[in-house]
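Dumped query09.txt below, it's compact mmCIF, C-alpha atoms:
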```txt
# COMPACT_ATOMS: atom_id res chain seq x y z
CA MET Q 1 6.56 6.73 12.36
CA LYS Q 2 6.71 3.97 9.78
CA PHE Q 3 3.45 2.53 8.48
CA SER Q 4 3.01 -1.12 7.49
CA LYS Q 5 1.46 -2.56 4.34
CA LYS Q 6 -1.57 -3.50 6.41
CA GLN Q 7 -2.05 0.10 7.53
CA SER Q 8 -1.65 1.40 4.00
CA ASP Q 9 -4.24 -1.14 2.85
CA ILE Q 10 -6.69 0.21 5.43
CA LEU Q 11 -6.26 3.73 4.06
CA ASN Q 12 -6.90 2.35 0.59
CA GLU Q 13 -10.11 0.67 1.80
CA ILE Q 14 -11.28 3.96 3.30
CA ILE Q 15 -10.47 5.83 0.08
CA ILE Q 16 -12.26 3.38 -2.21
CA SER Q 17 -15.33 2.99 -0.02
CA ARG Q 18 -15.89 6.75 0.49
CA ARG Q 19 -19.08 7.91 -1.20
CA ASP Q 20 -20.96 11.14 -1.78
CA ILE Q 21 -24.11 10.64 0.31
CA ARG Q 22 -27.39 12.18 -0.85
CA GLY Q 23 -31.05 12.67 0.03
CA ASN Q 24 -32.91 9.94 1.83
CA ASN Q 25 -29.80 7.77 2.05
CA PHE Q 26 -29.12 9.86 5.19
CA THR Q 27 -30.63 8.63 8.47
CA ASN Q 28 -31.44 11.06 11.27
CA LYS Q 29 -29.22 9.18 13.74
CA LYS Q 30 -27.48 11.73 15.91
CA ILE Q 31 -23.73 12.17 15.52
CA LYS Q 32 -21.96 12.29 18.87
CA ARG Q 33 -20.05 15.51 19.47
CA LYS Q 34 -16.83 13.55 19.92
CA LYS Q 35 -17.07 12.09 16.41
CA LEU Q 36 -18.00 15.43 14.88
CA ASN Q 37 -14.93 16.89 16.56
CA GLN Q 38 -12.75 14.11 15.13
CA ILE Q 39 -14.01 14.96 11.64
CA LEU Q 40 -13.38 18.67 12.15
CA GLN Q 41 -9.97 18.01 13.69
CA ALA Q 42 -8.99 16.06 10.55
CA GLY Q 43 -9.74 19.27 8.67
CA LEU Q 44 -7.56 21.32 10.98
CA ASN Q 45 -4.73 18.83 10.42
CA ALA Q 46 -4.73 19.29 6.65
CA PRO Q 47 -1.76 20.82 4.81
CA SER Q 48 -2.03 24.50 3.99
CA VAL Q 49 -0.02 26.83 1.82
CA GLY Q 50 2.60 28.65 3.90
CA PHE Q 51 1.02 27.08 7.03
CA SER Q 52 -1.70 29.73 6.60
CA GLN Q 53 -4.58 27.45 7.73
CA PRO Q 54 -7.02 29.78 5.96
CA TRP Q 55 -10.17 27.94 7.03
CA LYS Q 56 -13.31 28.39 9.05
CA PHE Q 57 -15.92 25.72 9.74
CA ILE Q 58 -19.55 26.53 10.49
CA VAL Q 59 -21.43 23.55 11.91
CA ILE Q 60 -25.14 23.92 11.23
CA GLU Q 61 -27.80 22.04 13.14
CA ASP Q 62 -30.46 24.76 13.13
CA GLU Q 63 -33.42 23.66 11.01
CA ALA Q 64 -34.42 27.19 10.03
CA ILE Q 65 -30.96 27.85 8.60
CA LYS Q 66 -30.94 24.52 6.77
CA ASN Q 67 -34.31 25.41 5.26
CA ARG Q 68 -32.97 28.70 3.95
CA VAL Q 69 -29.94 26.98 2.45
CA TYR Q 70 -32.26 24.46 0.87
CA ASP Q 71 -34.30 27.29 -0.67
CA ASN Q 72 -31.12 28.60 -2.25
CA PHE Q 73 -30.35 25.13 -3.58
CA LYS Q 74 -33.83 24.96 -5.18
CA GLU Q 75 -33.29 28.30 -6.87
CA GLU Q 76 -29.84 27.40 -8.21
CA TYR Q 77 -31.01 23.95 -9.23
CA LYS Q 78 -33.87 25.44 -11.21
CA SER Q 79 -31.51 27.66 -13.15
CA SER Q 80 -29.06 24.77 -13.67
CA LYS Q 81 -31.70 22.69 -15.44
CA LYS Q 82 -31.48 24.63 -18.69
CA HIS Q 83 -27.97 23.24 -19.21
CA PHE Q 84 -29.17 19.66 -19.05
CA LYS Q 85 -32.53 19.86 -20.79
CA ASN Q 86 -31.49 17.22 -23.30
CA ILE Q 87 -30.64 14.78 -20.52
CA PRO Q 88 -33.95 13.80 -18.87
CA ILE Q 89 -32.19 11.83 -16.13
CA TYR Q 90 -30.87 15.14 -14.68
CA GLU Q 91 -34.28 15.90 -13.20
CA THR Q 92 -34.37 12.57 -11.37
CA LEU Q 93 -30.99 12.98 -9.64
CA LYS Q 94 -30.78 13.67 -5.92
CA LEU Q 95 -28.10 16.32 -5.69
CA GLU Q 96 -28.14 17.27 -2.02
CA GLY Q 97 -29.12 16.11 1.46
CA ILE Q 98 -29.37 19.44 3.27
CA LYS Q 99 -32.50 18.70 5.24
CA GLU Q 100 -32.10 14.93 5.56
CA ALA Q 101 -28.60 15.11 7.06
CA PRO Q 102 -28.64 15.91 10.78
CA VAL Q 103 -25.60 18.16 10.44
CA ASN Q 104 -24.37 20.50 7.70
CA ILE Q 105 -20.90 22.05 7.69
CA ALA Q 106 -20.08 25.15 5.65
CA VAL Q 107 -16.33 25.30 5.04
CA TYR Q 108 -14.93 28.75 4.35
CA TYR Q 109 -11.75 30.22 2.95
CA LYS Q 110 -10.49 33.32 4.74
CA LYS Q 111 -9.00 35.84 2.35
CA SER Q 112 -5.79 37.40 3.62
CA LYS Q 113 -4.81 41.03 3.49
CA LYS Q 114 -1.12 40.20 3.77
CA LYS Q 115 0.80 38.13 1.22
CA ILE Q 116 0.88 34.42 1.97
CA LEU Q 117 4.04 32.34 1.59
CA GLY Q 118 3.56 30.10 -1.47
CA GLN Q 119 0.56 32.00 -2.74
CA THR Q 120 2.46 34.64 -4.71
CA SER Q 121 2.36 32.84 -8.08
CA GLN Q 122 -0.92 30.94 -7.78
CA LYS Q 123 -3.70 32.85 -6.12
CA LEU Q 124 -6.02 29.85 -5.73
CA MET Q 125 -3.60 28.06 -3.37
CA GLY Q 126 -5.43 29.22 -0.22
CA ARG Q 127 -8.73 27.85 -1.49
CA TYR Q 128 -6.93 24.62 -2.40
CA SER Q 129 -5.74 24.30 1.21
CA VAL Q 130 -9.37 24.45 2.32
CA VAL Q 131 -10.21 21.65 -0.13
CA CYS Q 132 -7.41 19.54 1.40
CA ALA Q 133 -9.15 20.05 4.75
CA ILE Q 134 -12.47 18.94 3.27
CA GLN Q 135 -10.96 15.78 1.78
CA ASN Q 136 -9.38 14.94 5.15
CA MET Q 137 -12.80 15.40 6.77
CA TRP Q 138 -14.49 13.23 4.15
CA LEU Q 139 -12.08 10.35 4.73
CA MET Q 140 -12.19 10.69 8.50
CA ALA Q 141 -16.00 10.65 8.39
CA ARG Q 142 -15.93 7.51 6.23
CA SER Q 143 -13.61 5.78 8.70
CA LEU Q 144 -16.19 6.57 11.41
CA ASN Q 145 -18.92 5.12 9.14
CA ILE Q 146 -20.38 8.60 8.71
CA GLY Q 147 -21.30 9.89 5.27
CA ILE Q 148 -20.66 13.27 3.70
CA GLY Q 149 -22.27 14.78 0.62
CA TRP Q 150 -20.75 17.91 -0.94
CA VAL Q 151 -23.46 20.22 -2.29
CA SER Q 152 -22.18 22.59 -4.95
CA ILE Q 153 -25.42 23.85 -6.48
CA LEU Q 154 -25.50 26.83 -4.12
CA LYS Q 155 -24.69 30.51 -4.55
CA PRO Q 156 -21.79 31.22 -2.17
CA LYS Q 157 -22.73 34.85 -1.60
CA LYS Q 158 -26.27 33.86 -0.62
CA ILE Q 159 -24.94 31.31 1.86
CA ASN Q 160 -22.73 34.00 3.43
CA LYS Q 161 -25.85 36.10 3.87
CA ILE Q 162 -27.85 33.27 5.43
CA LEU Q 163 -25.01 32.50 7.85
CA ALA Q 164 -24.20 36.18 8.45
CA ILE Q 165 -20.59 35.65 7.37
CA SER Q 166 -18.60 38.66 6.19
CA LYS Q 167 -17.21 39.08 2.65
CA GLU Q 168 -13.73 38.39 3.97
CA TYR Q 169 -14.76 34.72 3.82
CA GLU Q 170 -15.57 32.73 0.70
CA LEU Q 171 -17.55 29.48 0.74
CA VAL Q 172 -15.51 26.57 -0.61
CA GLY Q 173 -17.60 23.54 0.37
CA TYR Q 174 -21.05 22.94 1.83
CA LEU Q 175 -21.18 19.49 3.40
CA CYS Q 176 -24.14 17.37 4.49
CA VAL Q 177 -23.05 15.03 7.27
CA GLY Q 178 -24.81 12.01 8.75
CA TYR Q 179 -24.98 8.25 9.05
CA PRO Q 180 -26.16 6.77 5.75
CA LYS Q 181 -28.42 3.77 5.32
CA GLU Q 182 -25.81 2.41 2.96
CA PHE Q 183 -22.42 3.16 1.42
CA PHE Q 184 -22.95 2.01 -2.17
CA ASP Q 185 -20.28 -0.13 -3.82
CA THR Q 186 -19.94 2.26 -6.74
CA PRO Q 187 -20.62 5.99 -7.12
CA GLU Q 188 -24.29 6.54 -7.96
CA LEU Q 189 -23.45 8.55 -11.08
CA GLU Q 190 -21.36 5.61 -12.31
CA THR Q 191 -24.21 3.17 -11.66
CA LEU Q 192 -26.57 5.47 -13.55
CA GLN Q 193 -24.03 5.60 -16.39
CA TRP Q 194 -23.85 9.39 -16.16
CA ASP Q 195 -20.16 8.91 -16.93
CA LYS Q 196 -17.63 6.08 -17.00
CA LYS Q 197 -14.86 5.55 -14.48
CA GLN Q 198 -11.65 6.76 -16.07
CA LYS Q 199 -8.97 4.23 -16.83
CA PHE Q 200 -5.55 4.72 -15.28
CA ASP Q 201 -3.73 4.85 -18.61
CA SER Q 202 -6.07 7.45 -20.03
CA VAL Q 203 -5.11 10.06 -17.40
CA VAL Q 204 -1.59 9.11 -16.25
CA PHE Q 205 1.39 9.97 -18.47
CA TRP Q 206 5.13 9.53 -17.96
CA VAL Q 207 7.90 11.81 -19.18
CA MET P 1 -18.07 -2.05 4.85
CA LYS P 2 -17.92 -0.95 8.46
CA PHE P 3 -14.66 0.38 9.85
CA SER P 4 -13.52 -0.14 13.44
CA LYS P 5 -12.14 2.40 15.89
CA LYS P 6 -8.70 0.88 15.34
CA GLN P 7 -8.93 1.49 11.60
CA SER P 8 -10.14 5.04 12.10
CA ASP P 9 -7.23 5.62 14.49
CA ILE P 10 -4.81 4.48 11.77
CA LEU P 11 -6.25 7.04 9.36
CA ASN P 12 -5.83 9.68 12.05
CA GLU P 13 -2.17 8.67 12.51
CA ILE P 14 -1.59 8.97 8.76
CA ILE P 15 -3.27 12.39 8.68
CA ILE P 16 -1.33 13.82 11.60
CA SER P 17 2.05 12.46 10.51
CA ARG P 18 1.77 13.67 6.89
CA ARG P 19 4.34 16.39 6.15
CA ASP P 20 5.30 18.67 3.31
CA ILE P 21 8.75 17.36 2.34
CA ARG P 22 11.35 19.78 1.00
CA GLY P 23 14.89 20.08 -0.34
CA ASN P 24 17.57 17.79 0.98
CA ASN P 25 15.15 15.98 3.24
CA PHE P 26 14.45 13.91 0.09
CA THR P 27 16.67 10.88 -0.52
CA ASN P 28 17.29 9.60 -4.03
CA LYS P 29 15.96 6.14 -3.16
CA LYS P 30 14.02 4.86 -6.15
CA ILE P 31 10.26 4.50 -5.79
CA LYS P 32 9.03 1.17 -7.15
CA ARG P 33 6.53 1.54 -9.97
CA LYS P 34 3.94 -0.43 -7.99
CA LYS P 35 4.00 2.12 -5.15
CA LEU P 36 3.88 5.05 -7.54
CA ASN P 37 0.84 3.45 -9.13
CA GLN P 38 -0.82 3.06 -5.72
CA ILE P 39 -0.32 6.79 -5.08
CA LEU P 40 -1.73 7.71 -8.49
CA GLN P 41 -4.62 5.28 -8.11
CA ALA P 42 -5.57 7.01 -4.83
CA GLY P 43 -5.87 10.17 -6.93
CA LEU P 44 -8.11 8.46 -9.46
CA ASN P 45 -10.33 7.27 -6.60
CA ALA P 46 -11.00 10.79 -5.30
CA PRO P 47 -14.46 12.33 -5.39
CA SER P 48 -15.20 14.63 -8.30
CA VAL P 49 -17.99 17.04 -9.10
CA GLY P 50 -20.63 15.33 -11.24
CA PHE P 51 -18.28 12.31 -11.50
CA SER P 52 -16.35 14.41 -14.03
CA GLN P 53 -12.90 13.16 -12.96
CA PRO P 54 -11.34 16.23 -14.58
CA TRP P 55 -7.73 15.28 -13.90
CA LYS P 56 -4.53 14.40 -15.66
CA PHE P 57 -1.29 13.32 -13.99
CA ILE P 58 2.12 13.83 -15.59
CA VAL P 59 4.83 11.81 -13.88
CA ILE P 60 8.22 13.43 -14.44
CA GLU P 61 11.50 11.58 -14.03
CA ASP P 62 13.41 13.34 -16.81
CA GLU P 63 16.20 15.45 -15.32
CA ALA P 64 16.20 18.00 -18.14
CA ILE P 65 12.50 18.72 -17.58
CA LYS P 66 13.00 18.96 -13.81
CA ASN P 67 15.82 21.45 -14.41
CA ARG P 68 13.57 23.64 -16.53
CA VAL P 69 10.83 23.55 -13.89
CA TYR P 70 13.43 24.46 -11.29
CA ASP P 71 14.48 27.43 -13.40
CA ASN P 72 10.89 28.63 -13.37
CA PHE P 73 10.78 28.20 -9.59
CA LYS P 74 13.93 30.34 -9.25
CA GLU P 75 12.37 33.09 -11.35
CA GLU P 76 9.07 33.09 -9.44
CA TYR P 77 10.85 32.84 -6.11
CA LYS P 78 12.96 35.86 -6.97
CA SER P 79 9.91 37.94 -7.71
CA SER P 80 8.13 36.62 -4.56
CA LYS P 81 10.90 37.96 -2.32
CA LYS P 82 9.75 41.55 -2.54
CA HIS P 83 6.62 40.62 -0.59
CA PHE P 84 8.65 39.30 2.34
CA LYS P 85 11.57 41.70 2.44
CA ASN P 86 10.83 42.58 6.06
CA ILE P 87 11.01 38.94 7.09
CA PRO P 88 14.65 37.84 6.72
CA ILE P 89 13.81 34.21 7.48
CA TYR P 90 11.99 33.99 4.11
CA GLU P 91 15.30 33.77 2.28
CA THR P 92 16.43 30.82 4.37
CA LEU P 93 13.34 28.69 3.74
CA LYS P 94 13.53 25.66 1.49
CA LEU P 95 10.37 25.92 -0.57
CA GLU P 96 10.72 23.07 -3.05
CA GLY P 97 12.44 19.76 -3.73
CA ILE P 98 12.17 19.60 -7.52
CA LYS P 99 15.65 18.28 -8.21
CA GLU P 100 16.19 16.37 -4.97
CA ALA P 101 12.99 14.30 -5.28
CA PRO P 102 13.39 11.35 -7.67
CA VAL P 103 9.89 11.87 -9.06
CA ASN P 104 7.76 14.96 -9.73
CA ILE P 105 4.06 14.79 -10.57
CA ALA P 106 2.24 17.65 -12.26
CA VAL P 107 -1.48 17.39 -11.58
CA TYR P 108 -3.73 19.08 -14.10
CA TYR P 109 -7.35 20.18 -14.30
CA LYS P 110 -9.01 19.57 -17.67
CA LYS P 111 -11.39 22.37 -18.59
CA SER P 112 -14.64 21.12 -20.06
CA LYS P 113 -16.47 22.51 -23.07
CA LYS P 114 -19.76 21.06 -21.91
CA LYS P 115 -21.51 21.99 -18.67
CA ILE P 116 -20.62 19.80 -15.73
CA LEU P 117 -23.21 18.57 -13.24
CA GLY P 118 -22.67 20.43 -9.97
CA GLN P 119 -20.42 23.05 -11.51
CA THR P 120 -23.15 25.42 -12.68
CA SER P 121 -23.14 27.68 -9.58
CA GLN P 122 -19.50 27.39 -8.54
CA LYS P 123 -17.01 27.35 -11.37
CA LEU P 124 -14.03 26.32 -9.25
CA MET P 125 -15.60 22.95 -8.38
CA GLY P 126 -13.65 21.07 -11.07
CA ARG P 127 -10.35 22.40 -9.77
CA TYR P 128 -11.45 21.46 -6.26
CA SER P 129 -11.99 17.87 -7.43
CA VAL P 130 -8.38 17.80 -8.59
CA VAL P 131 -7.27 19.01 -5.14
CA CYS P 132 -9.24 16.14 -3.55
CA ALA P 133 -7.20 13.80 -5.77
CA ILE P 134 -3.96 15.44 -4.60
CA GLN P 135 -4.89 15.09 -0.94
CA ASN P 136 -5.72 11.40 -1.47
CA MET P 137 -2.30 10.97 -3.10
CA TRP P 138 -0.55 12.79 -0.26
CA LEU P 139 -2.11 10.53 2.37
CA MET P 140 -1.52 7.36 0.35
CA ALA P 141 2.13 8.34 -0.13
CA ARG P 142 2.48 8.93 3.63
CA SER P 143 1.01 5.51 4.39
CA LEU P 144 3.71 4.05 2.09
CA ASN P 145 6.34 6.10 3.99
CA ILE P 146 6.86 8.25 0.91
CA GLY P 147 6.94 12.03 1.17
CA ILE P 148 5.31 14.65 -0.99
CA GLY P 149 6.04 18.35 -1.19
CA TRP P 150 3.62 20.66 -3.02
CA VAL P 151 5.49 23.43 -4.85
CA SER P 152 3.31 26.44 -5.55
CA ILE P 153 5.91 29.06 -6.45
CA LEU P 154 5.64 28.24 -10.15
CA LYS P 155 3.95 29.94 -13.08
CA PRO P 156 1.34 27.45 -14.34
CA LYS P 157 1.48 28.66 -17.95
CA LYS P 158 5.24 28.21 -18.03
CA ILE P 159 4.92 24.66 -16.70
CA ASN P 160 2.40 23.87 -19.45
CA LYS P 161 4.97 25.07 -21.96
CA ILE P 162 7.78 23.00 -20.46
CA LEU P 163 5.60 19.89 -20.45
CA ALA P 164 4.04 20.69 -23.86
CA ILE P 165 0.53 20.57 -22.37
CA SER P 166 -2.26 22.39 -24.20
CA LYS P 167 -4.20 25.34 -22.78
CA GLU P 168 -7.20 23.08 -22.27
CA TYR P 169 -5.37 21.96 -19.11
CA GLU P 170 -4.57 24.09 -16.06
CA LEU P 171 -1.92 23.18 -13.51
CA VAL P 172 -3.39 22.70 -10.02
CA GLY P 173 -0.53 21.08 -8.11
CA TYR P 174 3.13 20.35 -8.74
CA LEU P 175 4.30 17.58 -6.43
CA CYS P 176 7.81 16.44 -5.48
CA VAL P 177 7.72 12.78 -4.51
CA GLY P 178 10.33 10.65 -2.78
CA TYR P 179 11.43 8.88 0.39
CA PRO P 180 12.42 11.46 3.00
CA LYS P 181 15.23 11.12 5.50
CA GLU P 182 12.70 12.03 8.14
CA PHE P 183 9.04 12.91 8.68
CA PHE P 184 9.29 15.72 11.23
CA ASP P 185 6.98 15.66 14.26
CA THR P 186 5.66 19.15 13.50
CA PRO P 187 5.39 21.16 10.28
CA GLU P 188 8.67 22.99 9.64
CA LEU P 189 6.93 26.37 9.40
CA GLU P 190 5.43 25.74 12.84
CA THR P 191 8.84 24.84 14.28
CA LEU P 192 10.30 28.01 12.75
CA GLN P 193 7.41 29.98 14.30
CA TRP P 194 6.37 31.30 10.89
CA ASP P 195 2.84 30.90 12.18
CA LYS P 196 1.06 29.21 15.07
CA LYS P 197 -1.11 26.11 14.81
CA GLN P 198 -4.72 27.28 14.93
CA LYS P 199 -6.80 26.28 17.87
CA PHE P 200 -10.00 24.32 17.28
CA ASP P 201 -12.25 26.87 18.92
CA SER P 202 -10.82 29.73 16.92
CA VAL P 203 -11.99 28.27 13.58
CA VAL P 204 -14.97 26.05 14.42
CA PHE P 205 -18.36 27.64 15.11
CA TRP P 206 -21.78 26.15 15.81
CA VAL P 207 -25.15 27.50 14.74
```

Here is a file; write its structure as structure tokens.
Amino acid sequence: MKFSKKQSDILNEIIISRRDIRGNNFTNKKIKRKKLNQILQAGLNAPSVGFSQPWKFIVIEDEAIKNRVYDNFKEEYKSSKKHFKNIPIYETLKLEGIKEAPVNIAVYYKKSKKKILGQTSQKLMGRYSVVCAIQNMWLMARSLNIGIGWVSILKPKKINKILAISKEYELVGYLCVGYPKEFFDTPELETLQWDKKQKFDSVVFWV
Amino acid sequence: MKFSKKQSDILNEIIISRRDIRGNNFTNKKIKRKKLNQILQAGLNAPSVGFSQPWKFIVIEDEAIKNRVYDNFKEEYKSSKKHFKNIPIYETLKLEGIKEAPVNIAVYYKKSKKKILGQTSQKLMGRYSVVCAIQNMWLMARSLNIGIGWVSILKPKKINKILAISKEYELVGYLCVGYPKEFFDTPELETLQWDKKQKFDSVVFWV
């Protein structure tokens, strides 16, 4: 299959308009099962080291579970604050959307007992495959006008406990999924001047 | 911006027709600088934890450097073989395209001295951001009919040495980039029955 410039431009539009959706920017509009499946299927179609497909996706709609995950966020957030005590804006940031998003998806890496092709020199490769799946999901969601927010201020082992997942699995990403009120033009942390967008020539080098 | 079903379907086509390109499936057709820049720009437009954008891209066209990277592959590959000695097919697999691909890109994670927003509970988050950049690049390349192969049988510290990159940076992905003769319909490792494609219901669970 050969793609045209127009098709490549559409991918570019999806990439540049993808945002990390947070807090009350989520609406409670229900996501149809078909669309949720399309997002998950994009994850299953990601590349993986040695075709190991070392992933597992837990789709969470249960409010009681979301509440327990949120409690863990609060705990981790509280302990994170000491690192940013000189930056007052940190306390005003909305860093998750666990309860506001109608759906959460916990994306797990399955550790392997046997050696994996391509993972003999770099042991993080399996986890990286799971991240490729998440990025596929994020783009697919955006193309369906659905937002995703990746919450990383969580203790993976605690989330395993809440979800009753065995130690064989390691949490890679915890995603809040839902229709947003708005996809902002620029990342919120850029708007808030938390950091500047990096210039091409400051991170790309040629040898 | 609201995307249509047609646009979402195009993204799906790009996702499902992306392949990991290897060995002599690469042609030596030159990649125009403009297209290479589009691929790299897709990386720069990836999400990153706390908007930290902790990446650095080294574009390698120098044959002497590629040869030294290939030497490291050979060494790592040799030592990987002991893990697969009961699987004769392992020795027949083509696991890289370092010299065949006209361009290689080493994608680095920049460790931070200061604490990063969102990286206080999960220290791998910065590396995961770099993987999101790689997956964006892989899809953008595919949409431009350019192939990428991710080579993971390399010793990151050795690659730093070859590229004269300081320890502050850690190699996440080493990519071979070029026009392929063909994008196969199915992953080669699936065709070779190295492993089966996972079924949706075997990895997706609902709570």

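Closest approach to Val107 in chain P among P:Ala42, P:Ile89, P:Val172, P:Ala141 is made by P:Val172 (distances from all atoms listed in the file).
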
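Here CA of Lys30 in chain Q stands at a distance of 24.0 Å from CA of Ile15 in chain Q.
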
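Atom pair CA of Trp150 in chain P / CA of Leu117 in chain P has a distance of 28.8 Å (rounded to one decimal).
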
- Which neighbours of Pro180 in chain P fall inside 8 Å, counting all atoms listed in the file, when residues of the same chain fewer than 3 positions from it are skipped, and could you give them as a PyMOL selection string? chain P and resi 21+25-27+146-147+183

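When all atoms listed in the file are used to measure the gap to Met137 in chain Q, the shortest distance among P:Tyr109, P:Ala101, P:Glu96, P:Ser8 belongs to P:Ser8.
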
Which residues are near Ile58 in chain Q? Cut-off 6 Å, only C-alpha atoms, ignore same chain within fewer than 4 positions. Put them as a compact mmCIF listing (two decimals) with C-alpha atoms, in the frame of the given file.
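The result, written out as result_15.txt:
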```txt
# COMPACT_ATOMS: atom_id res chain seq x y z
CA ILE Q 105 -20.90 22.05 7.69
CA ALA Q 106 -20.08 25.15 5.65
CA PHE P 205 -18.36 27.64 15.11
CA TRP P 206 -21.78 26.15 15.81
```

Could you tell me, as a PDB file with C-alpha atoms, keeping the file's coordinate frame, which residues have any atom at most 12 Å from (16.2, 10.5, -5.4), counting only C-alpha atoms?
```
ATOM      1  CA  GLY P  23      14.890  20.080  -0.340  1.00  0.00           C
ATOM      2  CA  ASN P  24      17.570  17.790   0.980  1.00  0.00           C
ATOM      3  CA  ASN P  25      15.150  15.980   3.240  1.00  0.00           C
ATOM      4  CA  PHE P  26      14.450  13.910   0.090  1.00  0.00           C
ATOM      5  CA  THR P  27      16.670  10.880  -0.520  1.00  0.00           C
ATOM      6  CA  ASN P  28      17.290   9.600  -4.030  1.00  0.00           C
ATOM      7  CA  LYS P  29      15.960   6.140  -3.160  1.00  0.00           C
ATOM      8  CA  LYS P  30      14.020   4.860  -6.150  1.00  0.00           C
ATOM      9  CA  ILE P  31      10.260   4.500  -5.790  1.00  0.00           C
ATOM     10  CA  LYS P  32       9.030   1.170  -7.150  1.00  0.00           C
ATOM     11  CA  GLU P  61      11.500  11.580 -14.030  1.00  0.00           C
ATOM     12  CA  GLU P  63      16.200  15.450 -15.320  1.00  0.00           C
ATOM     13  CA  GLY P  97      12.440  19.760  -3.730  1.00  0.00           C
ATOM     14  CA  ILE P  98      12.170  19.600  -7.520  1.00  0.00           C
ATOM     15  CA  LYS P  99      15.650  18.280  -8.210  1.00  0.00           C
ATOM     16  CA  GLU P 100      16.190  16.370  -4.970  1.00  0.00           C
ATOM     17  CA  ALA P 101      12.990  14.300  -5.280  1.00  0.00           C
ATOM     18  CA  PRO P 102      13.390  11.350  -7.670  1.00  0.00           C
ATOM     19  CA  VAL P 103       9.890  11.870  -9.060  1.00  0.00           C
ATOM     20  CA  ASN P 104       7.760  14.960  -9.730  1.00  0.00           C
ATOM     21  CA  ILE P 146       6.860   8.250   0.910  1.00  0.00           C
ATOM     22  CA  GLY P 147       6.940  12.030   1.170  1.00  0.00           C
ATOM     23  CA  CYS P 176       7.810  16.440  -5.480  1.00  0.00           C
ATOM     24  CA  VAL P 177       7.720  12.780  -4.510  1.00  0.00           C
ATOM     25  CA  GLY P 178      10.330  10.650  -2.780  1.00  0.00           C
ATOM     26  CA  TYR P 179      11.430   8.880   0.390  1.00  0.00           C
ATOM     27  CA  PRO P 180      12.420  11.460   3.000  1.00  0.00           C
ATOM     28  CA  LYS P 181      15.230  11.120   5.500  1.00  0.00           C
TER      29      LYS P 181
END
```

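Considering only C-alpha atoms, the residue among Q:Phe73, Q:Trp194, Q:Phe57, Q:Tyr174 positioned nearest to chain P is Q:Phe57.
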
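Using all atoms listed in the file, the nearest neighbour of chain Q within the list P:Ile14, P:Leu36, P:Leu171, P:Ile60 is P:Ile60.
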
- Task: For a cut-off of 10 Å around (-8.1, 9.1, -9.2), file coordinates, pick out all residues using all atoms listed in the file and list them as a PyMOL selection string.
- Result: (chain Q and resi 16+197-200+203-204) or (chain P and resi 39-48+53-57+129-130+132-134+136-137)

Output for the residues just chosen: C-alpha atoms as a PDB file, keeping the file's coordinate frame:
```
ATOM      1  CA  ILE Q  16     -12.260   3.380  -2.210  1.00  0.00           C
ATOM      2  CA  LYS Q 197     -14.860   5.550 -14.480  1.00  0.00           C
ATOM      3  CA  GLN Q 198     -11.650   6.760 -16.070  1.00  0.00           C
ATOM      4  CA  LYS Q 199      -8.970   4.230 -16.830  1.00  0.00           C
ATOM      5  CA  PHE Q 200      -5.550   4.720 -15.280  1.00  0.00           C
ATOM      6  CA  VAL Q 203      -5.110  10.060 -17.400  1.00  0.00           C
ATOM      7  CA  VAL Q 204      -1.590   9.110 -16.250  1.00  0.00           C
TER       8      VAL Q 204
ATOM      9  CA  ILE P  39      -0.320   6.790  -5.080  1.00  0.00           C
ATOM     10  CA  LEU P  40      -1.730   7.710  -8.490  1.00  0.00           C
ATOM     11  CA  GLN P  41      -4.620   5.280  -8.110  1.00  0.00           C
ATOM     12  CA  ALA P  42      -5.570   7.010  -4.830  1.00  0.00           C
ATOM     13  CA  GLY P  43      -5.870  10.170  -6.930  1.00  0.00           C
ATOM     14  CA  LEU P  44      -8.110   8.460  -9.460  1.00  0.00           C
ATOM     15  CA  ASN P  45     -10.330   7.270  -6.600  1.00  0.00           C
ATOM     16  CA  ALA P  46     -11.000  10.790  -5.300  1.00  0.00           C
ATOM     17  CA  PRO P  47     -14.460  12.330  -5.390  1.00  0.00           C
ATOM     18  CA  SER P  48     -15.200  14.630  -8.300  1.00  0.00           C
ATOM     19  CA  GLN P  53     -12.900  13.160 -12.960  1.00  0.00           C
ATOM     20  CA  PRO P  54     -11.340  16.230 -14.580  1.00  0.00           C
ATOM     21  CA  TRP P  55      -7.730  15.280 -13.900  1.00  0.00           C
ATOM     22  CA  LYS P  56      -4.530  14.400 -15.660  1.00  0.00           C
ATOM     23  CA  PHE P  57      -1.290  13.320 -13.990  1.00  0.00           C
ATOM     24  CA  SER P 129     -11.990  17.870  -7.430  1.00  0.00           C
ATOM     25  CA  VAL P 130      -8.380  17.800  -8.590  1.00  0.00           C
ATOM     26  CA  CYS P 132      -9.240  16.140  -3.550  1.00  0.00           C
ATOM     27  CA  ALA P 133      -7.200  13.800  -5.770  1.00  0.00           C
ATOM     28  CA  ILE P 134      -3.960  15.440  -4.600  1.00  0.00           C
ATOM     29  CA  ASN P 136      -5.720  11.400  -1.470  1.00  0.00           C
ATOM     30  CA  MET P 137      -2.300  10.970  -3.100  1.00  0.00           C
TER      31      MET P 137
END
```
